[in-house]
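Asks: Input file: start.cif. Contents: mmCIF, C-alpha atoms and all ligand atoms.
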```
data_model
#
loop_
_atom_site.label_atom_id
_atom_site.label_comp_id
_atom_site.auth_asym_id
_atom_site.auth_seq_id
_atom_site.Cartn_x
_atom_site.Cartn_y
_atom_site.Cartn_z
CA MET A 16 -40.18 -86.10 -6.06
CA LYS A 17 -38.26 -83.36 -7.87
CA GLU A 18 -38.98 -79.69 -7.43
CA PHE A 19 -41.20 -78.44 -10.25
CA PRO A 20 -41.03 -74.95 -11.84
CA LEU A 21 -43.78 -72.63 -10.60
CA SER A 22 -44.22 -71.29 -14.13
CA LYS A 23 -45.51 -74.70 -15.26
CA VAL A 24 -47.80 -75.52 -12.36
CA TYR A 25 -50.83 -74.35 -14.37
CA ARG A 26 -50.48 -77.50 -16.44
CA PHE A 27 -51.69 -79.61 -13.51
CA ILE A 28 -54.63 -77.39 -12.63
CA GLU A 29 -56.36 -78.01 -15.85
CA PRO A 30 -59.13 -75.56 -16.67
CA GLY A 31 -62.30 -76.39 -18.55
CA PRO A 32 -62.38 -77.78 -22.08
CA VAL A 33 -60.89 -75.91 -24.98
CA ILE A 34 -63.58 -73.63 -26.36
CA LEU A 35 -64.14 -71.49 -29.44
CA LEU A 36 -65.26 -67.94 -28.77
CA SER A 37 -66.94 -66.10 -31.63
CA THR A 38 -67.62 -62.40 -31.96
CA PHE A 39 -69.18 -60.10 -34.54
CA ASN A 40 -67.83 -56.57 -34.83
CA GLY A 41 -70.63 -55.18 -36.97
CA GLN A 42 -68.82 -56.16 -40.17
CA LYS A 43 -67.42 -59.65 -39.85
CA ASN A 44 -67.46 -62.72 -37.67
CA ASN A 45 -64.33 -63.90 -35.93
CA VAL A 46 -63.46 -66.89 -33.77
CA MET A 47 -60.60 -67.64 -31.36
CA THR A 48 -59.48 -70.68 -29.36
CA LEU A 49 -59.45 -70.43 -25.59
CA SER A 50 -58.46 -72.94 -22.94
CA TYR A 51 -58.53 -70.81 -19.80
CA CYS A 52 -62.19 -70.99 -18.83
CA MET A 53 -63.87 -71.99 -15.59
CA VAL A 54 -67.33 -72.20 -14.05
CA ILE A 55 -68.18 -69.39 -11.62
CA ASP A 56 -71.84 -70.11 -10.88
CA ASP A 57 -73.73 -73.09 -12.23
CA SER A 58 -77.27 -71.85 -11.66
CA VAL A 59 -77.14 -68.48 -13.46
CA PRO A 60 -74.96 -69.74 -15.31
CA LEU A 61 -71.72 -67.75 -15.20
CA PHE A 62 -68.23 -68.70 -16.26
CA ALA A 63 -64.96 -66.86 -16.61
CA VAL A 64 -62.53 -66.68 -19.50
CA SER A 65 -59.03 -65.31 -19.43
CA MET A 66 -58.37 -63.36 -22.60
CA GLY A 67 -55.27 -61.47 -23.70
CA ALA A 68 -55.41 -57.92 -25.03
CA TRP A 69 -53.28 -59.11 -27.96
CA ASP A 70 -56.20 -61.11 -29.32
CA PHE A 71 -58.20 -59.41 -32.07
CA SER A 72 -61.30 -60.78 -30.31
CA PHE A 73 -60.48 -58.85 -27.13
CA ASP A 74 -61.51 -55.35 -28.26
CA VAL A 75 -64.50 -56.70 -30.14
CA LEU A 76 -65.79 -58.63 -27.12
CA LEU A 77 -65.33 -55.64 -24.85
CA SER A 78 -67.09 -53.24 -27.18
CA GLU A 79 -69.93 -55.54 -28.31
CA ARG A 80 -70.32 -57.10 -24.80
CA GLU A 81 -71.52 -60.40 -26.28
CA CYS A 82 -70.20 -63.55 -27.93
CA VAL A 83 -70.92 -67.20 -28.64
CA VAL A 84 -68.93 -69.91 -26.91
CA SER A 85 -68.89 -73.14 -28.90
CA ILE A 86 -67.48 -76.36 -27.49
CA PRO A 87 -65.76 -78.51 -30.10
CA ALA A 88 -65.45 -82.29 -29.98
CA ASP A 89 -62.23 -84.15 -30.69
CA ASP A 90 -63.07 -84.41 -34.40
CA MET A 91 -62.27 -80.67 -34.52
CA LEU A 92 -58.92 -80.90 -32.69
CA GLU A 93 -56.70 -79.82 -35.58
CA LYS A 94 -59.01 -76.98 -36.60
CA THR A 95 -59.33 -75.83 -32.99
CA VAL A 96 -55.54 -75.58 -32.62
CA ASP A 97 -55.16 -73.84 -35.98
CA ILE A 98 -57.90 -71.30 -35.15
CA GLY A 99 -55.81 -70.33 -32.12
CA ASN A 100 -52.69 -69.92 -34.23
CA CYS A 101 -53.91 -67.22 -36.57
CA THR A 102 -55.74 -63.95 -36.10
CA GLY A 103 -58.94 -62.39 -37.29
CA ALA A 104 -56.93 -59.20 -37.82
CA ASP A 105 -55.84 -60.60 -41.19
CA THR A 106 -57.83 -63.81 -41.70
CA ASP A 107 -61.48 -64.70 -42.21
CA LYS A 108 -61.36 -67.78 -39.99
CA PHE A 109 -64.94 -68.88 -40.66
CA ASP A 110 -64.06 -69.09 -44.34
CA LYS A 111 -60.56 -70.52 -43.88
CA PHE A 112 -61.71 -73.29 -41.53
CA ASP A 113 -64.97 -73.97 -43.33
CA LEU A 114 -67.13 -73.37 -40.26
CA THR A 115 -70.89 -73.35 -40.79
CA THR A 116 -72.57 -70.37 -39.13
CA VAL A 117 -76.05 -70.59 -37.66
CA LYS A 118 -77.94 -67.47 -36.56
CA ALA A 119 -78.05 -67.06 -32.80
CA ALA A 120 -81.23 -66.02 -31.01
CA LYS A 121 -79.98 -63.33 -28.62
CA VAL A 122 -76.55 -62.21 -29.82
CA LYS A 123 -75.10 -61.16 -33.16
CA ALA A 124 -72.14 -63.56 -33.21
CA PRO A 125 -72.96 -66.88 -34.90
CA LEU A 126 -73.32 -70.40 -33.54
CA ILE A 127 -70.99 -72.97 -35.11
CA LYS A 128 -72.95 -75.91 -36.51
CA GLU A 129 -70.03 -78.35 -36.28
CA CYS A 130 -69.86 -77.94 -32.46
CA PRO A 131 -72.19 -80.05 -30.26
CA VAL A 132 -72.69 -77.19 -27.79
CA ASN A 133 -73.20 -73.47 -28.47
CA LEU A 134 -73.70 -70.90 -25.71
CA GLU A 135 -74.90 -67.37 -26.38
CA CYS A 136 -73.20 -65.12 -23.83
CA ILE A 137 -73.07 -61.54 -22.63
CA ILE A 138 -70.43 -59.94 -20.44
CA GLU A 139 -71.58 -60.09 -16.83
CA ASP A 140 -68.52 -58.50 -15.21
CA ASP A 141 -65.17 -57.26 -16.48
CA SER A 142 -63.99 -55.62 -13.26
CA LEU A 143 -61.20 -58.22 -12.88
CA LEU A 144 -59.87 -57.58 -16.35
CA ASN A 145 -57.00 -55.26 -15.47
CA ARG A 146 -55.93 -57.40 -12.56
CA TYR A 147 -56.32 -60.93 -13.91
CA ASN A 148 -57.35 -60.67 -17.59
CA LEU A 149 -60.63 -62.23 -16.45
CA ILE A 150 -63.99 -61.67 -18.11
CA ILE A 151 -67.09 -63.20 -16.57
CA LEU A 152 -69.69 -64.30 -19.08
CA ARG A 153 -73.37 -65.02 -18.51
CA VAL A 154 -75.02 -67.61 -20.73
CA VAL A 155 -78.32 -66.24 -22.01
CA LYS A 156 -79.24 -69.05 -24.43
CA ALA A 157 -77.82 -72.56 -24.77
CA TRP A 158 -77.98 -75.04 -27.65
CA CYS A 159 -76.90 -78.67 -27.52
CA SER A 160 -77.01 -81.46 -30.09
CA GLN A 161 -75.14 -83.97 -27.90
CA GLU A 162 -74.49 -83.88 -24.13
CA HIS A 163 -71.64 -86.33 -23.77
CA PHE A 164 -68.82 -86.14 -26.27
CA ARG A 165 -65.05 -86.12 -26.28
CA LYS A 166 -64.13 -82.58 -25.33
CA ILE A 167 -60.62 -81.30 -25.91
CA HIS A 168 -58.26 -80.33 -23.07
CA HIS A 169 -54.97 -78.49 -23.49
CA ASN A 170 -52.23 -79.87 -21.26
CA GLY A 171 -50.52 -76.48 -21.43
CA ASP A 172 -47.51 -77.70 -23.37
CA GLY A 173 -48.88 -78.09 -26.87
CA THR A 174 -50.18 -81.59 -26.16
CA PHE A 175 -53.88 -82.31 -25.79
CA THR A 176 -56.03 -84.88 -24.05
CA VAL A 177 -59.57 -85.76 -25.04
CA ASP A 178 -62.28 -87.06 -22.71
CA SER A 179 -62.77 -90.78 -22.24
CA ASP A 180 -66.24 -92.31 -22.12
CA PRO A 181 -68.35 -91.08 -19.17
CA ILE A 182 -68.20 -93.21 -16.00
CA ASP A 183 -71.55 -93.42 -14.19
CA MET A 184 -71.15 -92.56 -10.47
CA LYS A 185 -74.72 -91.30 -10.02
CA SER A 186 -75.51 -93.83 -7.27
CA ARG A 187 -72.70 -92.40 -5.12
CA MET A 188 -73.75 -88.75 -5.54
CA THR A 189 -76.14 -89.03 -2.60
CA ARG A 190 -75.50 -85.57 -1.21
CA TRP A 191 -75.89 -83.84 -4.57
CA PRO A 192 -79.15 -85.03 -6.16
CA GLU A 193 -79.46 -81.82 -8.17
CA TYR A 194 -76.38 -82.85 -10.17
CA ILE A 195 -77.55 -86.25 -11.33
CA SER A 196 -80.72 -85.54 -13.26
C1 LIG B 1 -54.97 -74.46 -27.46
C2 LIG B 1 -55.01 -72.96 -27.38
C3 LIG B 1 -55.51 -72.37 -26.25
C4 LIG B 1 -55.57 -70.97 -26.14
N1 LIG B 1 -56.07 -70.41 -25.01
C5 LIG B 1 -56.14 -69.06 -24.91
C6 LIG B 1 -56.71 -68.45 -23.76
O1 LIG B 1 -57.14 -69.11 -22.81
N2 LIG B 1 -56.74 -67.09 -23.72
C7 LIG B 1 -56.26 -66.31 -24.75
O2 LIG B 1 -56.32 -65.07 -24.66
N3 LIG B 1 -55.73 -66.86 -25.86
C8 LIG B 1 -55.67 -68.22 -25.96
N4 LIG B 1 -55.14 -68.79 -27.08
C9 LIG B 1 -54.58 -67.92 -28.12
C10 LIG B 1 -55.62 -67.35 -29.08
O3 LIG B 1 -56.50 -68.35 -29.54
C11 LIG B 1 -54.86 -66.70 -30.24
O4 LIG B 1 -54.15 -65.56 -29.73
C12 LIG B 1 -55.73 -66.34 -31.41
O5 LIG B 1 -54.90 -66.07 -32.50
C13 LIG B 1 -56.61 -65.13 -31.15
O6 LIG B 1 -57.40 -64.92 -32.28
P1 LIG B 1 -57.89 -63.47 -32.69
O7 LIG B 1 -56.65 -62.60 -32.81
O8 LIG B 1 -58.58 -63.68 -33.99
O9 LIG B 1 -58.79 -63.01 -31.58
C14 LIG B 1 -55.09 -70.16 -27.21
C15 LIG B 1 -54.59 -70.77 -28.37
C16 LIG B 1 -54.55 -72.17 -28.45
C17 LIG B 1 -54.02 -72.80 -29.70
#
```
Could I get this file's structure written as structure tokens?
Replies:
Amino acid sequence: MKEFPLSKVYRFIEPGPVILLSTFNGQKNNVMTLSYCMVIDDSVPLFAVSMGAWDFSFDVLLSERECVVSIPADDMLEKTVDIGNCTGADTDKFDKFDLTTVKAAKVKAPLIKECPVNLECIIEDDSLLNRYNLIILRVVKAWCSQEHFRKIHHNGDGTFTVDSDPIDMKSRMTRWPEYIS
């Protein structure tokens, strides 16, 4: 084995799937791409996102305290990358990327029709923001048109991997029955 640079270790500890996070600032919708997200508590449910203050979405999320997290499938790979390479500061991304908005039930940001999963979220805790750029979100309403699909994962170096077909290991999950239904 060769020594590996610490600055690239994150590539091996792959976070959750690449997500789209939408906000509404009272005037317009915006959407950003985000790959640093992880589950914090599965029953509430809570998950954390790491968001940079340079993102236009950052101030909007912190002031509105709510957003929609949409999970794209691999058919949206190019759009998902491009959405993360431009900013809502000067671009209407919903228009540019031809995303279909659907009214959410509990938050003002829109669901994205093209995504199989849409999660309406509010900020649960931002006390780790200054230290780790972490924002913990609580899902308050969830929508799903398809449970298993090819989610997108960023390898951290500009390359991406998409999920393979699910492999059924339910019969071996004997200690965790709550996870197999
Ligand atoms: C694949 C990919 C993953 C990204 N992951 C994150 C992330 O985890 N956190 C973050 O703050 N920005 C992330 N970005 C960058 C934002 O998507 C980018 O800064 C975007 O332009 C912000 O949009 P906004 O200025 O409209 O908010 C990612 C971009 C790409 C392409």
Asks: List all protein, DNA and RNA residues that have any atom at most 6 Å from ligand LIG 1 (chain B), counting only C-alpha atoms and all ligand atoms, and write the list as a tab-separated table (two decimals) with C-alpha atoms, in the frame of the given file.
Replies:
```tsv
chain	number	residue	atom	x	y	z
A	46	VAL	CA	-63.46	-66.89	-33.77
A	47	MET	CA	-60.60	-67.64	-31.36
A	48	THR	CA	-59.48	-70.68	-29.36
A	49	LEU	CA	-59.45	-70.43	-25.59
A	50	SER	CA	-58.46	-72.94	-22.94
A	51	TYR	CA	-58.53	-70.81	-19.80
A	65	SER	CA	-59.03	-65.31	-19.43
A	66	MET	CA	-58.37	-63.36	-22.60
A	67	GLY	CA	-55.27	-61.47	-23.70
A	70	ASP	CA	-56.20	-61.11	-29.32
A	71	PHE	CA	-58.20	-59.41	-32.07
A	72	SER	CA	-61.30	-60.78	-30.31
A	96	VAL	CA	-55.54	-75.58	-32.62
A	99	GLY	CA	-55.81	-70.33	-32.12
A	100	ASN	CA	-52.69	-69.92	-34.23
A	101	CYS	CA	-53.91	-67.22	-36.57
A	102	THR	CA	-55.74	-63.95	-36.10
A	103	GLY	CA	-58.94	-62.39	-37.29
A	169	HIS	CA	-54.97	-78.49	-23.49
```
Asks: Provide the atom CA of Val117 of chain A to atom CA of Ala63 of chain A distance in Å, to one decimal place.
Replies: 24.1 Å
Asks: Looking at all atoms listed in the file, which of A:Glu29, A:Glu193, A:Asp183, A:Asp141 is the one that sits closest to Ser58 of chain A?
Replies: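 Ranked by minimum distance to Ser58 of chain A, first place goes to A:Glu193.
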Asks: List the neighbours of Tyr194 of chain A out to 12 Å using all atoms listed in the file; skip same-chain residues closer than 6 positions along the sequence, and give me the result as a list in words.
Replies: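 Counting all atoms listed in the file, the residues come to Asp57, Ser58, Met184, Lys185, Ser186, Arg187 and Met188 of chain A.
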Asks: Based on the selection just made, write C-alpha atoms of those residues as a compact mmCIF listing (two decimals), keeping the file's coordinate frame.
Replies:
```
# COMPACT_ATOMS: atom_id res chain seq x y z
CA ASP A 57 -73.73 -73.09 -12.23
CA SER A 58 -77.27 -71.85 -11.66
CA MET A 184 -71.15 -92.56 -10.47
CA LYS A 185 -74.72 -91.30 -10.02
CA SER A 186 -75.51 -93.83 -7.27
CA ARG A 187 -72.70 -92.40 -5.12
CA MET A 188 -73.75 -88.75 -5.54
```
Asks: My list of candidates is A:Leu92, A:Val84, A:Met53, A:Ile167. Which is closest to Cys136 of chain A when distances are computed with only C-alpha atoms?
Replies: A:Val84
Asks: Just want the 12 Å neighbourhood of segment 128-134 of chain A, counted on only C-alpha atoms, with same-chain residues fewer than 5 positions away dropped. Output as an MDAnalysis selection string.
Replies: chainID A and resid 32:37 60:62 81:92 94:95 109 112:122 152:167
Asks: When you count all atoms listed in the file, which of these residues is closest to Ile127 of chain A: A:Val64, A:Lys108, A:Asp172, A:Ser196?
Replies: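 That would be A:Lys108, the residue with the smallest distance to Ile127 of chain A.
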Asks: Skip Thr38 of chain A itself and residues of its chain fewer than 2 positions away, then list as a list of chain:residue names all residues within 6 Å of it, counting all atoms listed in the file.
Replies: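 The filter keeps A:Asn44, A:Asn45, A:Cys82, A:Ala124.
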Asks: For a quick check of understanding, using all atoms listed in the file, which of A:Gly31, A:Phe73, A:Ile150, A:Asp107 has the smallest distance to Ile137 of chain A?
Replies: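 Closest to Ile137 of chain A, using all atoms listed in the file: A:Ile150.
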Asks: Just the number, please: distance in Å from atom CA of Glu79 of chain A to atom CA of Asn40 of chain A, one decimal.
Replies: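 Atom-to-atom, atom CA of Glu79 of chain A and atom CA of Asn40 of chain A are spaced 6.9 Å apart.
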Asks: Which residue gives the smallest distance to Trp69 of chain A among A:Ile28, A:Leu143, A:Ala104, A:Leu126, with all atoms listed in the file counted?
Replies: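 Checking each candidate against Trp69 of chain A, we get A:Ala104 as the closest.
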Asks: Grab the atom CA of Lys123 of chain A to atom CA of Gly41 of chain A distance for me, in Å with one decimal place.
Replies: 8.4 Å
Asks: In terms of the shortest atom-to-atom distance over all atoms listed in the file, which of A:Trp191, A:Asn170, A:Asp180, A:Asp140 is closest to Phe27 of chain A?
Replies: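 Answer, going by the shortest atom-to-atom distance: A:Asn170.
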